[in-house]
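*Asks:* Dropping in run.json, with JSON, C-alpha atoms and all ligand atoms.
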```json
[["chain", "number", "residue", "atom", "x", "y", "z"],
["A", 1, "MET", "CA", 18.33, -0.64, -7.47],
["A", 2, "ASN", "CA", 18.12, -3.18, -4.63],
["A", 3, "PRO", "CA", 14.74, -4.98, -4.92],
["A", 4, "ASP", "CA", 13.96, -4.46, -1.20],
["A", 5, "ILE", "CA", 14.06, -0.68, -1.57],
["A", 6, "GLU", "CA", 10.79, 1.14, -2.15],
["A", 7, "GLU", "CA", 12.20, 4.63, -2.65],
["A", 8, "VAL", "CA", 15.58, 6.34, -2.81],
["A", 9, "LEU", "CA", 15.40, 9.20, -0.33],
["A", 10, "ILE", "CA", 18.93, 10.60, -0.83],
["A", 11, "SER", "CA", 20.98, 9.78, -3.94],
["A", 12, "ALA", "CA", 24.72, 9.13, -4.02],
["A", 13, "GLU", "CA", 25.22, 12.56, -5.64],
["A", 14, "GLU", "CA", 23.22, 14.29, -2.89],
["A", 15, "ILE", "CA", 25.23, 12.42, -0.24],
["A", 16, "ASP", "CA", 28.44, 13.55, -1.87],
["A", 17, "ALA", "CA", 27.39, 17.21, -1.89],
["A", 18, "ALA", "CA", 26.28, 17.13, 1.77],
["A", 19, "VAL", "CA", 29.54, 15.45, 2.91],
["A", 20, "LYS", "CA", 31.64, 18.01, 1.03],
["A", 21, "ARG", "CA", 29.73, 20.88, 2.68],
["A", 22, "LEU", "CA", 30.18, 19.34, 6.15],
["A", 23, "GLY", "CA", 33.88, 18.74, 5.47],
["A", 24, "GLN", "CA", 34.38, 22.38, 4.54],
["A", 25, "GLU", "CA", 32.60, 23.60, 7.69],
["A", 26, "LEU", "CA", 34.65, 21.29, 9.93],
["A", 27, "THR", "CA", 37.90, 22.23, 8.18],
["A", 28, "LYS", "CA", 37.22, 25.87, 8.97],
["A", 29, "ASP", "CA", 36.15, 25.26, 12.59],
["A", 30, "TYR", "CA", 38.91, 22.76, 13.55],
["A", 31, "GLN", "CA", 41.91, 24.10, 11.62],
["A", 32, "ASP", "CA", 44.33, 24.23, 14.59],
["A", 33, "LYS", "CA", 42.56, 21.92, 17.03],
["A", 34, "ASN", "CA", 43.70, 18.40, 16.05],
["A", 35, "PRO", "CA", 40.27, 16.96, 17.00],
["A", 36, "VAL", "CA", 39.54, 13.37, 18.01],
["A", 37, "VAL", "CA", 36.93, 12.26, 15.49],
["A", 38, "VAL", "CA", 34.85, 9.59, 17.25],
["A", 39, "CYS", "CA", 33.04, 7.15, 14.99],
["A", 40, "ILE", "CA", 30.04, 5.44, 16.56],
["A", 41, "LEU", "CA", 30.02, 1.89, 15.22],
["A", 42, "ARG", "CA", 28.78, 0.47, 13.08],
["A", 43, "GLY", "CA", 26.43, 2.68, 11.09],
["A", 44, "SER", "CA", 28.79, 5.69, 10.93],
["A", 45, "VAL", "CA", 31.84, 4.04, 9.34],
["A", 46, "VAL", "CA", 30.90, 4.81, 5.75],
["A", 47, "PHE", "CA", 30.15, 8.45, 6.56],
["A", 48, "LEU", "CA", 33.33, 8.74, 8.66],
["A", 49, "ALA", "CA", 35.50, 7.48, 5.81],
["A", 50, "ASP", "CA", 34.02, 10.03, 3.40],
["A", 51, "LEU", "CA", 33.98, 12.87, 5.92],
["A", 52, "VAL", "CA", 37.62, 12.72, 7.06],
["A", 53, "ARG", "CA", 38.73, 12.81, 3.42],
["A", 54, "GLN", "CA", 36.94, 16.15, 3.13],
["A", 55, "MET", "CA", 38.57, 17.58, 6.27],
["A", 56, "GLN", "CA", 41.75, 19.44, 5.39],
["A", 57, "CYS", "CA", 43.23, 19.64, 8.89],
["A", 58, "PRO", "CA", 45.18, 17.42, 11.32],
["A", 59, "LEU", "CA", 42.85, 14.99, 13.13],
["A", 60, "GLU", "CA", 42.77, 11.63, 14.90],
["A", 61, "ILE", "CA", 40.17, 8.88, 14.58],
["A", 62, "ASP", "CA", 38.84, 6.55, 17.25],
["A", 63, "PHE", "CA", 35.88, 4.17, 17.54],
["A", 64, "MET", "CA", 33.18, 3.43, 20.04],
["A", 65, "ASP", "CA", 30.51, 0.74, 19.87],
["A", 66, "LEU", "CA", 27.21, 1.25, 21.63],
["A", 67, "SER", "CA", 24.03, -0.76, 21.57],
["A", 68, "SER", "CA", 20.55, 0.66, 21.79],
["A", 69, "TYR", "CA", 18.53, -0.97, 19.04],
["A", 70, "GLY", "CA", 19.06, -4.71, 19.39],
["A", 71, "GLY", "CA", 18.19, -5.62, 15.80],
["A", 72, "GLY", "CA", 14.70, -4.11, 15.51],
["A", 73, "MET", "CA", 13.43, -0.74, 14.30],
["A", 74, "GLU", "CA", 12.75, 0.97, 17.64],
["A", 75, "SER", "CA", 15.34, 2.22, 20.09],
["A", 76, "SER", "CA", 15.27, 0.29, 23.37],
["A", 77, "GLY", "CA", 16.10, 3.47, 25.29],
["A", 78, "GLN", "CA", 18.96, 1.64, 27.03],
["A", 79, "VAL", "CA", 22.46, 2.50, 25.83],
["A", 80, "LYS", "CA", 25.32, 0.12, 26.60],
["A", 81, "ILE", "CA", 29.04, 0.66, 25.81],
["A", 82, "LEU", "CA", 30.25, -2.42, 23.91],
["A", 83, "LYS", "CA", 33.65, -0.95, 22.95],
["A", 84, "ASP", "CA", 35.17, 2.14, 24.51],
["A", 85, "LEU", "CA", 37.68, 4.61, 23.01],
["A", 86, "ASP", "CA", 41.41, 3.96, 23.21],
["A", 87, "THR", "CA", 42.11, 7.72, 23.29],
["A", 88, "ASP", "CA", 42.16, 9.81, 26.46],
["A", 89, "VAL", "CA", 39.90, 12.74, 25.56],
["A", 90, "ALA", "CA", 40.84, 14.97, 28.53],
["A", 91, "GLY", "CA", 41.74, 18.39, 27.17],
["A", 92, "ARG", "CA", 40.90, 17.33, 23.58],
["A", 93, "HIS", "CA", 38.37, 18.62, 21.09],
["A", 94, "VAL", "CA", 35.97, 15.76, 20.35],
["A", 95, "ILE", "CA", 33.78, 15.45, 17.27],
["A", 96, "ILE", "CA", 31.18, 12.68, 17.58],
["A", 97, "VAL", "CA", 30.28, 11.25, 14.17],
["A", 98, "GLU", "CA", 26.80, 9.72, 13.94],
["A", 99, "ASP", "CA", 24.98, 8.20, 10.98],
["A", 100, "ILE", "CA", 21.59, 9.33, 12.26],
["A", 101, "VAL", "CA", 20.18, 10.97, 15.37],
["A", 102, "ASP", "CA", 16.74, 9.61, 16.12],
["A", 103, "THR", "CA", 15.51, 9.76, 19.75],
["A", 104, "GLY", "CA", 18.90, 11.23, 20.73],
["A", 105, "ASN", "CA", 19.36, 8.75, 23.60],
["A", 106, "THR", "CA", 22.64, 7.38, 22.29],
["A", 107, "LEU", "CA", 24.08, 10.82, 21.76],
["A", 108, "ALA", "CA", 22.96, 12.24, 25.11],
["A", 109, "LYS", "CA", 24.76, 9.43, 26.91],
["A", 110, "ILE", "CA", 28.12, 9.75, 25.18],
["A", 111, "HIS", "CA", 28.07, 13.54, 25.02],
["A", 112, "ASP", "CA", 27.82, 13.65, 28.82],
["A", 113, "LEU", "CA", 30.41, 10.91, 29.15],
["A", 114, "PHE", "CA", 33.03, 12.89, 27.18],
["A", 115, "LEU", "CA", 32.34, 16.03, 29.21],
["A", 116, "HIS", "CA", 32.73, 13.95, 32.36],
["A", 117, "ARG", "CA", 36.09, 12.76, 30.99],
["A", 118, "GLN", "CA", 37.03, 16.45, 30.70],
["A", 119, "ALA", "CA", 37.10, 16.90, 26.95],
["A", 120, "GLU", "CA", 37.87, 20.52, 26.04],
["A", 121, "SER", "CA", 34.85, 20.59, 23.70],
["A", 122, "VAL", "CA", 32.30, 18.07, 22.37],
["A", 123, "LYS", "CA", 30.43, 18.64, 19.12],
["A", 124, "VAL", "CA", 28.26, 16.35, 17.06],
["A", 125, "VAL", "CA", 28.11, 15.80, 13.33],
["A", 126, "SER", "CA", 25.33, 13.55, 12.08],
["A", 127, "PHE", "CA", 24.72, 12.68, 8.47],
["A", 128, "LEU", "CA", 20.96, 12.39, 9.07],
["A", 129, "ASN", "CA", 18.70, 14.02, 11.61],
["A", 130, "LYS", "CA", 15.13, 12.96, 12.45],
["A", 131, "PRO", "CA", 14.02, 15.89, 14.66],
["A", 132, "GLU", "CA", 10.40, 14.68, 14.92],
["A", 133, "ARG", "CA", 11.51, 11.66, 16.93],
["A", 134, "ARG", "CA", 13.68, 13.48, 19.48],
["A", 135, "THR", "CA", 13.04, 12.71, 23.15],
["A", 136, "ALA", "CA", 16.49, 13.52, 24.64],
["A", 137, "ASN", "CA", 17.75, 17.07, 24.98],
["A", 138, "VAL", "CA", 20.70, 17.05, 22.55],
["A", 139, "THR", "CA", 22.16, 19.47, 20.01],
["A", 140, "VAL", "CA", 23.35, 18.24, 16.63],
["A", 141, "ASP", "CA", 25.92, 20.86, 15.66],
["A", 142, "TYR", "CA", 26.46, 19.79, 12.04],
["A", 143, "VAL", "CA", 23.69, 18.06, 10.05],
["A", 144, "GLY", "CA", 23.99, 16.55, 6.57],
["A", 145, "VAL", "CA", 20.29, 16.17, 5.75],
["A", 146, "GLU", "CA", 17.10, 16.43, 7.83],
["A", 147, "ILE", "CA", 14.62, 13.65, 7.11],
["A", 148, "PRO", "CA", 11.05, 12.86, 8.17],
["A", 149, "ASP", "CA", 10.16, 10.05, 10.57],
["A", 150, "LYS", "CA", 10.96, 7.13, 8.26],
["A", 151, "PHE", "CA", 13.18, 4.12, 8.87],
["A", 152, "VAL", "CA", 16.04, 4.34, 6.37],
["A", 153, "VAL", "CA", 18.87, 2.05, 5.25],
["A", 154, "GLY", "CA", 22.05, 2.38, 3.19],
["A", 155, "TYR", "CA", 25.22, 4.49, 3.38],
["A", 156, "GLY", "CA", 26.23, 2.51, 6.48],
["A", 157, "MET", "CA", 22.77, 2.16, 8.01],
["A", 158, "ASP", "CA", 21.20, -1.26, 8.43],
["A", 159, "PHE", "CA", 18.07, -3.21, 9.02],
["A", 160, "ASP", "CA", 19.01, -6.45, 10.77],
["A", 161, "GLU", "CA", 22.67, -5.88, 9.68],
["A", 162, "GLN", "CA", 21.75, -5.77, 5.97],
["A", 163, "TYR", "CA", 21.88, -2.91, 3.41],
["A", 164, "ARG", "CA", 24.88, -1.07, 4.93],
["A", 165, "GLY", "CA", 26.73, -1.17, 1.59],
["A", 166, "LEU", "CA", 24.09, 0.63, -0.49],
["A", 167, "PRO", "CA", 25.63, 3.82, -1.94],
["A", 168, "TYR", "CA", 22.34, 5.73, -1.45],
["A", 169, "ILE", "CA", 19.85, 6.12, 1.40],
["A", 170, "GLY", "CA", 16.54, 4.38, 0.85],
["A", 171, "ILE", "CA", 13.26, 3.36, 2.44],
["A", 172, "LEU", "CA", 12.51, -0.35, 2.73],
["A", 173, "LYS", "CA", 9.46, -2.00, 1.22],
["A", 174, "PRO", "CA", 7.03, -2.84, 4.07],
["A", 175, "ASN", "CA", 7.02, -6.56, 3.17],
["A", 176, "VAL", "CA", 10.72, -6.73, 4.21],
["A", 177, "TYR", "CA", 9.89, -6.04, 7.87],
["A", 178, "ALA", "CA", 6.22, -7.12, 7.98],
["A", 179, "HIS", "CA", 7.16, -10.28, 9.94],
["A", 180, "LEU", "CA", 8.14, -8.08, 12.90],
["A", 181, "PHE", "CA", 4.54, -6.98, 13.36],
["A", 182, "ASN", "CA", 2.82, -10.38, 12.95],
["B", 201, "LIG", "P1", 18.85, 7.12, 18.93],
["B", 201, "LIG", "O1", 19.57, 6.78, 20.20],
["B", 201, "LIG", "O2", 17.38, 6.80, 19.00],
["B", 201, "LIG", "O3", 19.08, 8.55, 18.48],
["B", 201, "LIG", "O4", 19.38, 6.11, 17.82],
["B", 201, "LIG", "C1", 20.55, 6.29, 17.15],
["B", 201, "LIG", "C2", 21.02, 5.04, 16.42],
["B", 201, "LIG", "O5", 19.92, 4.20, 16.04],
["B", 201, "LIG", "C3", 21.67, 5.44, 15.11],
["B", 201, "LIG", "O6", 23.04, 5.71, 15.29],
["B", 201, "LIG", "C4", 21.39, 4.24, 14.23],
["B", 201, "LIG", "O7", 22.37, 3.25, 14.41],
["B", 201, "LIG", "C5", 20.06, 3.72, 14.73],
["B", 201, "LIG", "N1", 18.94, 4.24, 13.89],
["B", 201, "LIG", "C6", 18.05, 5.21, 14.20],
["B", 201, "LIG", "N2", 17.19, 5.44, 13.18],
["B", 201, "LIG", "C7", 17.55, 4.60, 12.19],
["B", 201, "LIG", "C8", 17.07, 4.37, 10.84],
["B", 201, "LIG", "O8", 16.12, 4.99, 10.33],
["B", 201, "LIG", "N3", 17.73, 3.40, 10.14],
["B", 201, "LIG", "C9", 18.79, 2.70, 10.62],
["B", 201, "LIG", "N4", 19.27, 2.89, 11.85],
["B", 201, "LIG", "C10", 18.68, 3.83, 12.64]]
```
Could I get this file's structure written as structure tokens?
Ligand code: IMP
*Replies:*
Amino acid sequence: MNPDIEEVLISAEEIDAAVKRLGQELTKDYQDKNPVVVCILRGSVVFLADLVRQMQCPLEIDFMDLSSYGGGMESSGQVKILKDLDTDVAGRHVIIVEDIVDTGNTLAKIHDLFLHRQAESVKVVSFLNKPERRTANVTVDYVGVEIPDKFVVGYGMDFDEQYRGLPYIGILKPNVYAHLFN
């Protein structure tokens, strides 16, 4: 195990089972809809790659980059579009793929944006959900695993751009981020 990790919260096997379940649900719900699967960079890329391989239906993939965290552990509350979609979503079924929904600020902003762009439907799939931290009024339609209010890394998620490649989801040792509070 990576020496900076205090505890494995979700193992690779548990991740695998949750992604398979989500893939089956989406396959059933989007069979004839050719959805645009929107990956929110960068934390969601690992989940996206696993998820689309579990979806047995026609689909397209596009990417969007947003900033709200700015390298720390708390959301700034401000969401900025750094890279927009290339796809025109008017009349399309959109599935937003998130790594984790925390305050919900990021999601609220892009959900409304896609509706404004006249998407036929907009649903959200998030691998993790931290409901205790929610401040924005958003619905996560498909959830992999609900977790308590802990800062997690791995399976695409970072702290200061590190740990995205870990095949499990873990909690960092406090000494790794202690300098932020001194
Ligand atoms: P929200 O706008 O507060 O819901 O934040 C969503 C984004 O913040 C996620 O897509 C992640 O990139 C990041 N984030 C929130 N919580 C965590 C965490 O525990 N670990 C790593 N990144 C996180």
*Asks:* Given all atoms listed in the file as the basis, pick out the residue of A:Leu51, A:Thr139, A:Ile40, A:Gly165 nearest to ligand LIG 201 (chain B).
*Replies:*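 Among A:Leu51, A:Thr139, A:Ile40, A:Gly165, it is A:Ile40 that comes nearest to ligand LIG 201 (chain B).
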*Asks:* Counting all atoms listed in the file, what residues are within 8 Å of ligand LIG 201 (chain B), given as a ChimeraX atom specification?
*Replies:* /A:40-44,68-69,73-75,77,79,98-107,130,133-134,149-153,157-159
*Asks:* Skipping near chain neighbours, those fewer than 5 positions away, what residues fall within 12 Å of Gln31 (chain A) using all atoms listed in the file, listed as a VMD selection string?
*Replies:* chain A and resid 23 to 26 55 to 59 93
*Asks:* Provide an axis-aligned box for all listed atoms of region 105-122 of chain A, padding each side by 4 Å; report its centre and its edge lengths in Å to one decimal, as JSON.
*Replies:*
```
{"center_x": 28.6, "center_y": 14.0, "center_z": 27.1, "size_x": 26.5, "size_y": 21.2, "size_z": 18.6}
```
*Asks:* If we count all atoms listed in the file, what is near Asp65 (chain A) at a cut-off of 9 Å, once residues fewer than 5 positions away on the same chain are taken out, given as a short mmCIF file (atom, residue, chain, number, x, y, z; two decimals) with C-alpha atoms, keeping the file's coordinate frame?
*Replies:*
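Written output follows (around29.cif):
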```cif
data_model
loop_
_atom_site.label_atom_id
_atom_site.label_comp_id
_atom_site.auth_asym_id
_atom_site.auth_seq_id
_atom_site.Cartn_x
_atom_site.Cartn_y
_atom_site.Cartn_z
CA CYS A 39 33.04 7.15 14.99
CA ILE A 40 30.04 5.44 16.56
CA LEU A 41 30.02 1.89 15.22
CA ARG A 42 28.78 0.47 13.08
CA LYS A 80 25.32 0.12 26.60
CA ILE A 81 29.04 0.66 25.81
CA LEU A 82 30.25 -2.42 23.91
CA LYS A 83 33.65 -0.95 22.95
CA ASP A 84 35.17 2.14 24.51
CA LEU A 85 37.68 4.61 23.01
#
```
*Asks:* From the options A:Val37, A:Ile169, A:Ala178, A:Ile15, which residue's atoms come nearest to Val125 (chain A), counting all atoms listed in the file?
*Replies:* A:Val37
*Asks:* If you count only C-alpha atoms, which residues fall within 9 Å of Gly144 (chain A), apart from same-chain ones fewer than 4 positions away, as JSON, numbers by chain?
*Replies:* {"A": [15, 18, 19, 21, 22, 125, 126, 127, 128, 129]}
*Asks:* To one decimal in Å, tell me the separation between CA of Tyr168 (chain A) and CA of Ala49 (chain A).
*Replies:*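 Atom-to-atom, CA of Tyr168 (chain A) and CA of Ala49 (chain A) are spaced 15.1 Å apart.
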*Asks:* For Glu14 (chain A), which residue among A:Val89, A:Val145, A:Val38, A:Ala119 is the nearest when counting only C-alpha atoms?
*Replies:*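 Ranked by minimum distance to Glu14 (chain A), first place goes to A:Val145.
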*Asks:* Which residue gives the smallest distance to Lys123 (chain A) among A:Pro35, A:Gly156, A:Pro148, A:Gly91, with all atoms listed in the file counted?
*Replies:*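 Nearest to Lys123 (chain A): A:Pro35.
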*Asks:* At what distance in Å, to one decimal, does CA of His111 (chain A) lie from CA of Gln78 (chain A)?
*Replies:*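 Pair CA of Gln78 (chain A) / CA of His111 (chain A) returns 15.1 Å.
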